[in-house]
Amino acid sequence: MSRAGALSCFLFLCLTAAPLPAEPVRVASFNTELQREGPGLLLRDIERGEDDRVAAVVAVIARAGADILALQGIDWDHEGRALTALTARLDAAGAPYPHRLALRPNSGMASGGDLDGDGVPGGPGDSQGFGHFTGQGGIAVLSRFPIVADAVRDFSGTLWRDMPGALLPAYPDGSPFPSQQAQAIQRLSSTGHWAVPIALPDGTTLTLLTFQAGPPVFDGPEDRNGRRNHDEIVFWKLYLDGAFGPAPPDRFILAGGANLDPQDGAGRHQAIRALLADPRVTDPRPASEGGARAGDQGHAGPDRLDTVDWDGPGRLRVDYVLPSSDWTVEGASVHWPGPGDPGRDAALRASRHRLVWVDLGR
């Protein structure tokens with residue numbers, strides 16, 4: 001063999017022996033707002049194929065190309081038929097998600113008590129999480145990688161009063177609001193708090209932490225919803241502290257809806273500020289051209305970071321994808337195309353929320 005041939009062979013062996021760099025993992029969160037007013041209606045609308053918003057949600061998800069997707073605003077049913085129908089639509093659109101998880105949420109789960117203090121038990125505000133029927137506006141996880149189902153941890157049954165330092169509402173005289181009996185059964189999670197291990201192709205495990213907090217409004221001077229929203233967010237700091245069992249043994253990423261902006265709008269902003277400042281997580285500050293060009297609204301927070309466009313409160317940052325600090329962030333964005341950009345119409349039609357994604361490298 002010639003010297004040149006030997007050198008070529010040597011270089012080939014070196015290159016093939018070296019481990020190939022792992023592809024970035026894209027993790028996204030999207031509040032689809034696909035919830036319906038009655039059980040089975042979402043399944044009907046997905047299967048009929050005539051609903052413009054369902055089609056727009058499918059288009060947004062397909063364009064984003066996430067490997068792991070935390071969904072909110074998706075109705076739960078016992079057999080998972082609505083989620084199965086949605087994933088079939090996604091598969092047809094070229095966005096297959098062979099692995100999925102949808103545990104029963106607290107939304108619409110009857111409590112048997114008067115939890116909202118209106119004196120009339122049995123209404124949607126008396127469910128463990130606001131809802132007109134079991135599973136309305138639940139959460140789900142879609143993944144291109146296997147979900148380690150037997151290691152999933154569901155904290156949705158945690159009672160609010162059992163959370164360390166819980167900001168439980170009270171009347172001016174200090175008595176429990178709306179009653180001691182209500183606080184004895186009230187769960188913390190409006191929908192759920194899940195820790196979902198996912199097996200990555202390189203043999204490692206990513207733990208997805210996901211939730212959808214309730215809004216910090218629609219209550220009275222007791223600030224029941226504002227306090228609960230605060231504690232739903234603070235839960236994750238306590239979880240990482242080990243207050244609810246072992247913290248994730250591997251790298252994690254928190255993806256979900258906090259319903260709280262760090263600076264603008266209603267709510268106890270210190271909850272999300274503290275989470276964003278926690279040294280165990282990285283805030284990639286995903287941004288968008290659409291948000292940046294949507295027009296000044298006098299808010300303290302940067303418009304480019306906004307993830308929702310509500311009537312009244314305006315545009316706010318309320319949806320988050322926060323990797324643990326040991327990841328390398330290779331990219332991040334809010335899927336909010338600017339005027340004239342591809343995908344803009346579908347993004348605006350799908351939901352008032354925008355899909356948020358982060359690319360993670362080893």
# chains A, B, ... in the order shown; residues from 1 in each chain; ligands from 1
$ residues_around --residues "segment 65-77 of chain A" --least-positions-apart "2" --cutoff "6 Å" --atoms "only C-alpha atoms" --output "VMD selection string"
chain A and resid 26 to 35 62 to 63 79 to 80 135 to 144
$ residues_around --residues "Gln270 of chain A" --least-positions-apart "6" --cutoff "10 Å" --atoms "only C-alpha atoms" --output "ChimeraX atom specification"
/A:230,234,260-263,276
$ write_last_selection --atoms "N, CA and C atoms" --output "compact mmCIF listing (two decimals), in the first residue's frame"
# COMPACT_ATOMS: atom_id res chain seq x y z
N HIS A 230 -49.35 31.10 42.05
CA HIS A 230 -48.02 31.27 42.65
C HIS A 230 -47.46 29.93 43.11
N VAL A 234 -44.15 27.68 42.12
CA VAL A 234 -43.13 27.45 43.15
C VAL A 234 -42.94 25.95 43.42
N LEU A 260 -48.32 33.22 33.85
CA LEU A 260 -47.77 34.35 34.61
C LEU A 260 -46.58 34.93 33.87
N ASP A 261 -46.59 36.25 33.71
CA ASP A 261 -45.50 36.99 33.09
C ASP A 261 -44.56 37.49 34.19
N PRO A 262 -43.27 37.58 33.91
CA PRO A 262 -42.35 38.04 34.96
C PRO A 262 -42.56 39.49 35.39
N GLN A 263 -43.17 40.32 34.53
CA GLN A 263 -43.26 41.73 34.85
C GLN A 263 -44.64 42.35 34.64
N LEU A 276 -37.15 31.58 37.06
CA LEU A 276 -36.25 31.95 35.97
C LEU A 276 -34.84 32.23 36.47
$ atom_distance --atom1 "atom CA of Val196 of chain A" --atom2 "atom CA of Leu208 of chain A"
4.9 Å
$ residues_around --residues "Ala182 of chain A" --least-positions-apart "2" --cutoff "12 Å" --atoms "only C-alpha atoms" --output "PyMOL selection string"
chain A and resi 111-117+119+121+126-128+159-161+168-170+176-180+184-187
$ closest_residue --among "A:Arg280, A:Gly267, A:Ala199, A:Gly314" --to "Asp296 of chain A" --atoms "only C-alpha atoms"
A:Gly314
$ select_by_dssp --residues "segment 212-247 of chain A" --states "alpha helix (DSSP H)" --output "list in words"
Arg224, Asn225, Gly226, Arg227, Arg228, Asn229, His230, Asp231, Glu232, Ile233, Val234, Phe235, Trp236, Lys237, Leu238, Tyr239, Leu240 and Asp241 of chain A
$ residues_around --residues "segment 301-306 of chain A" --least-positions-apart "4" --cutoff "9 Å" --atoms "only C-alpha atoms" --output "list in words"
Asp261, Pro262, Gln263, Asp264, Arg285, Pro286, Ala287, Ser288, Glu289, Gly290, Gly291, Ala292, Arg293, Ala294, Gly295, Asp296, Gln297, Arg315, Leu316, Arg317, Val318, Asp319, Ser333, Val334 and Arg354 of chain A
$ residues_around --residues "Val321 of chain A" --least-positions-apart "2" --cutoff "7 Å" --atoms "only C-alpha atoms" --output "JSON, numbers by chain"
{"A": [28, 29, 253, 254, 255, 256, 323, 356, 357, 358]}
$ write_last_selection --atoms "N, CA and C atoms" --output "compact mmCIF listing (two decimals), in the first residue's frame"
# COMPACT_ATOMS: atom_id res chain seq x y z
N ALA A 28 -40.59 21.44 22.90
CA ALA A 28 -41.52 22.55 22.70
C ALA A 28 -42.68 22.46 23.67
N SER A 29 -43.33 23.59 23.85
CA SER A 29 -44.56 23.68 24.64
C SER A 29 -45.57 24.47 23.83
N ILE A 253 -35.91 19.21 31.67
CA ILE A 253 -36.38 20.44 31.03
C ILE A 253 -37.81 20.67 31.47
N LEU A 254 -38.08 21.89 31.89
CA LEU A 254 -39.41 22.28 32.33
C LEU A 254 -40.13 22.95 31.16
N ALA A 255 -41.25 22.38 30.74
CA ALA A 255 -41.98 22.90 29.59
C ALA A 255 -43.47 22.90 29.90
N GLY A 256 -44.06 24.07 29.89
CA GLY A 256 -45.48 24.15 30.18
C GLY A 256 -45.96 25.58 30.32
N PRO A 323 -34.60 24.59 30.17
CA PRO A 323 -33.73 23.42 30.38
C PRO A 323 -32.90 23.56 31.66
N VAL A 356 -43.61 27.45 21.72
CA VAL A 356 -42.26 27.86 22.15
C VAL A 356 -41.35 26.63 22.06
N TRP A 357 -40.16 26.79 21.45
CA TRP A 357 -39.25 25.65 21.36
C TRP A 357 -37.83 26.04 21.72
N VAL A 358 -37.08 25.01 22.16
CA VAL A 358 -35.66 25.16 22.51
C VAL A 358 -34.91 23.96 21.97
$ closest_residue --among "A:Pro146, A:Pro215, A:Gly129, A:Gly40" --to "Leu188 of chain A" --atoms "only C-alpha atoms"
A:Gly129
$ closest_residue --among "A:Arg100, A:Gly331, A:Asp52, A:Met163" --to "Asp283 of chain A" --atoms "only C-alpha atoms"
A:Gly331
$ residues_around --residues "Thr134 of chain A" --least-positions-apart "3" --cutoff "8 Å" --atoms "only C-alpha atoms" --output "JSON list (two decimals) with all heavy atoms, in the first residue's frame"
[["chain", "number", "residue", "atom", "x", "y", "z"],
["A", 39, "PRO", "N", -67.85, 16.78, 26.67],
["A", 39, "PRO", "CA", -67.03, 15.60, 26.40],
["A", 39, "PRO", "C", -67.31, 15.02, 25.02],
["A", 39, "PRO", "O", -68.45, 15.00, 24.56],
["A", 39, "PRO", "CB", -67.45, 14.62, 27.51],
["A", 39, "PRO", "CG", -68.81, 15.09, 27.93],
["A", 39, "PRO", "CD", -68.83, 16.57, 27.76],
["A", 76, "TRP", "N", -58.99, 15.59, 27.80],
["A", 76, "TRP", "CA", -58.63, 14.22, 28.15],
["A", 76, "TRP", "C", -59.87, 13.34, 28.10],
["A", 76, "TRP", "O", -60.97, 13.77, 28.47],
["A", 76, "TRP", "CB", -58.03, 14.19, 29.55],
["A", 76, "TRP", "CG", -57.74, 12.82, 30.10],
["A", 76, "TRP", "CD1", -56.59, 12.11, 29.98],
["A", 76, "TRP", "CD2", -58.63, 12.00, 30.89],
["A", 76, "TRP", "NE1", -56.68, 10.90, 30.64],
["A", 76, "TRP", "CE2", -57.93, 10.81, 31.20],
["A", 76, "TRP", "CE3", -59.94, 12.15, 31.34],
["A", 76, "TRP", "CZ2", -58.51, 9.78, 31.95],
["A", 76, "TRP", "CZ3", -60.53, 11.12, 32.09],
["A", 76, "TRP", "CH2", -59.79, 9.96, 32.38],
["A", 77, "ASP", "N", -59.71, 12.12, 27.64],
["A", 77, "ASP", "CA", -60.76, 11.11, 27.77],
["A", 77, "ASP", "C", -60.10, 9.81, 28.18],
["A", 77, "ASP", "O", -58.90, 9.60, 27.98],
["A", 77, "ASP", "CB", -61.55, 10.95, 26.48],
["A", 77, "ASP", "CG", -60.70, 10.51, 25.29],
["A", 77, "ASP", "OD1", -60.45, 9.30, 25.16],
["A", 77, "ASP", "OD2", -60.27, 11.38, 24.50],
["A", 105, "PRO", "N", -56.28, 14.61, 34.21],
["A", 105, "PRO", "CA", -55.95, 15.87, 34.87],
["A", 105, "PRO", "C", -56.93, 16.20, 35.99],
["A", 105, "PRO", "O", -57.99, 15.57, 36.12],
["A", 105, "PRO", "CB", -56.08, 16.89, 33.73],
["A", 105, "PRO", "CG", -57.18, 16.33, 32.88],
["A", 105, "PRO", "CD", -57.04, 14.82, 32.96],
["A", 106, "ASN", "N", -56.58, 17.20, 36.77],
["A", 106, "ASN", "CA", -57.49, 17.68, 37.81],
["A", 106, "ASN", "C", -58.61, 18.53, 37.24],
["A", 106, "ASN", "O", -59.64, 18.72, 37.90],
["A", 106, "ASN", "CB", -56.72, 18.50, 38.85],
["A", 106, "ASN", "CG", -55.88, 17.62, 39.76],
["A", 106, "ASN", "OD1", -56.13, 16.42, 39.89],
["A", 106, "ASN", "ND2", -54.87, 18.21, 40.39],
["A", 107, "SER", "N", -58.43, 19.07, 36.05],
["A", 107, "SER", "CA", -59.45, 19.92, 35.47],
["A", 107, "SER", "C", -60.74, 19.14, 35.25],
["A", 107, "SER", "O", -60.75, 18.07, 34.66],
["A", 107, "SER", "CB", -58.96, 20.51, 34.14],
["A", 107, "SER", "OG", -58.51, 19.49, 33.26],
["A", 108, "GLY", "N", -61.83, 19.69, 35.77],
["A", 108, "GLY", "CA", -63.13, 19.05, 35.65],
["A", 108, "GLY", "C", -63.36, 17.89, 36.57],
["A", 108, "GLY", "O", -64.45, 17.28, 36.54],
["A", 109, "MET", "N", -62.39, 17.56, 37.43],
["A", 109, "MET", "CA", -62.55, 16.43, 38.36],
["A", 109, "MET", "C", -63.42, 16.87, 39.54],
["A", 109, "MET", "O", -63.04, 17.76, 40.30],
["A", 109, "MET", "CB", -61.19, 15.96, 38.86],
["A", 109, "MET", "CG", -61.28, 14.76, 39.81],
["A", 109, "MET", "SD", -59.67, 14.31, 40.53],
["A", 109, "MET", "CE", -58.83, 13.71, 39.06],
["A", 110, "ALA", "N", -64.58, 16.27, 39.69],
["A", 110, "ALA", "CA", -65.51, 16.65, 40.75],
["A", 110, "ALA", "C", -64.88, 16.47, 42.12],
["A", 110, "ALA", "O", -64.21, 15.46, 42.39],
["A", 110, "ALA", "CB", -66.80, 15.83, 40.63],
["A", 131, "GLY", "N", -63.33, 23.30, 35.37],
["A", 131, "GLY", "CA", -63.72, 22.52, 34.20],
["A", 131, "GLY", "C", -65.17, 22.12, 34.29],
["A", 131, "GLY", "O", -65.69, 21.85, 35.37]]
$ closest_residue --among "A:Val329, A:Ala277, A:Leu101, A:Leu43" --to "Lys237 of chain A" --atoms "only C-alpha atoms"
A:Ala277
$ residues_around --residues "Pro246 of chain A" --least-positions-apart "5" --cutoff "12 Å" --atoms "only C-alpha atoms" --output "list in words"
Arg153, Ala195, Leu238, Tyr239, Leu240 and Asp241 of chain A
$ write_last_selection --atoms "N, CA, C and O atoms" --output "short mmCIF file (atom, residue, chain, number, x, y, z; two decimals), in the first residue's frame"
data_model
loop_
_atom_site.label_atom_id
_atom_site.label_comp_id
_atom_site.auth_asym_id
_atom_site.auth_seq_id
_atom_site.Cartn_x
_atom_site.Cartn_y
_atom_site.Cartn_z
N ARG A 153 -43.77 10.18 37.15
CA ARG A 153 -44.26 10.59 38.46
C ARG A 153 -45.35 11.65 38.28
O ARG A 153 -45.14 12.66 37.61
N ALA A 195 -43.59 14.53 36.08
CA ALA A 195 -42.18 14.35 35.75
C ALA A 195 -42.11 13.12 34.86
O ALA A 195 -42.41 11.99 35.29
N LEU A 238 -39.47 23.63 44.74
CA LEU A 238 -39.50 22.71 45.88
C LEU A 238 -39.22 21.28 45.43
O LEU A 238 -38.54 20.52 46.13
N TYR A 239 -39.72 20.92 44.27
CA TYR A 239 -39.45 19.58 43.74
C TYR A 239 -37.96 19.39 43.50
O TYR A 239 -37.38 18.34 43.86
N LEU A 240 -37.32 20.39 42.91
CA LEU A 240 -35.87 20.30 42.69
C LEU A 240 -35.10 20.30 44.00
O LEU A 240 -33.98 19.78 44.06
N ASP A 241 -35.70 20.85 45.05
CA ASP A 241 -35.08 20.82 46.38
C ASP A 241 -35.20 19.45 47.03
O ASP A 241 -34.56 19.19 48.05
#
$ atom_distance --atom1 "atom CA of Gly94 of chain A" --atom2 "atom CA of Val148 of chain A"
24.3 Å
$ atom_distance --atom1 "atom CA of Gly214 of chain A" --atom2 "atom CA of Ala55 of chain A"
26.2 Å
$ closest_residue --among "A:Arg251, A:Arg48, A:His269, A:Arg344" --to "Ser324 of chain A" --atoms "only C-alpha atoms"
A:Arg251
$ closest_residue --among "A:Gly265, A:Phe211, A:Ser156, A:Gly203" --to "Ala300 of chain A" --atoms "only C-alpha atoms"
A:Gly265
$ decode --residues "segment 167-211 of chain A" --atoms "C-alpha atoms" --output "tab-separated table (two decimals), in the first residue's frame"
chain	number	residue	atom	x	y	z
A	167	LEU	CA	-50.10	30.55	50.39
A	168	LEU	CA	-53.56	29.31	51.30
A	169	PRO	CA	-56.33	31.93	50.99
A	170	ALA	CA	-58.04	33.26	54.09
A	171	TYR	CA	-60.77	35.62	55.16
A	172	PRO	CA	-59.77	38.93	56.83
A	173	ASP	CA	-60.16	37.27	60.24
A	174	GLY	CA	-57.62	34.60	59.27
A	175	SER	CA	-60.05	31.73	58.88
A	176	PRO	CA	-59.57	29.42	55.88
A	177	PHE	CA	-61.18	30.43	52.60
A	178	PRO	CA	-63.68	29.18	51.64
A	179	SER	CA	-63.69	26.66	54.50
A	180	GLN	CA	-61.47	24.28	56.39
A	181	GLN	CA	-63.37	21.41	54.76
A	182	ALA	CA	-62.58	22.74	51.29
A	183	GLN	CA	-58.88	23.16	52.03
A	184	ALA	CA	-58.79	19.58	53.33
A	185	ILE	CA	-59.59	18.26	49.84
A	186	GLN	CA	-58.28	20.98	47.50
A	187	ARG	CA	-55.45	19.78	45.27
A	188	LEU	CA	-52.63	22.10	44.27
A	189	SER	CA	-52.55	21.39	40.53
A	190	SER	CA	-55.12	23.04	38.27
A	191	THR	CA	-54.36	20.40	35.63
A	192	GLY	CA	-51.34	18.39	36.75
A	193	HIS	CA	-47.65	18.37	37.63
A	194	TRP	CA	-45.79	15.51	35.90
A	195	ALA	CA	-42.18	14.35	35.75
A	196	VAL	CA	-41.84	12.30	32.56
A	197	PRO	CA	-38.57	10.43	31.80
A	198	ILE	CA	-37.86	10.09	28.07
A	199	ALA	CA	-35.18	7.79	26.65
A	200	LEU	CA	-32.98	9.63	24.14
A	201	PRO	CA	-31.24	7.93	21.19
A	202	ASP	CA	-27.80	8.35	22.78
A	203	GLY	CA	-28.79	6.15	25.72
A	204	THR	CA	-29.35	8.99	28.20
A	205	THR	CA	-32.61	10.08	29.78
A	206	LEU	CA	-34.28	13.47	29.72
A	207	THR	CA	-36.89	14.21	32.38
A	208	LEU	CA	-39.66	16.45	31.12
A	209	LEU	CA	-41.35	18.48	33.86
A	210	THR	CA	-44.69	19.74	32.66
A	211	PHE	CA	-47.79	21.51	33.96
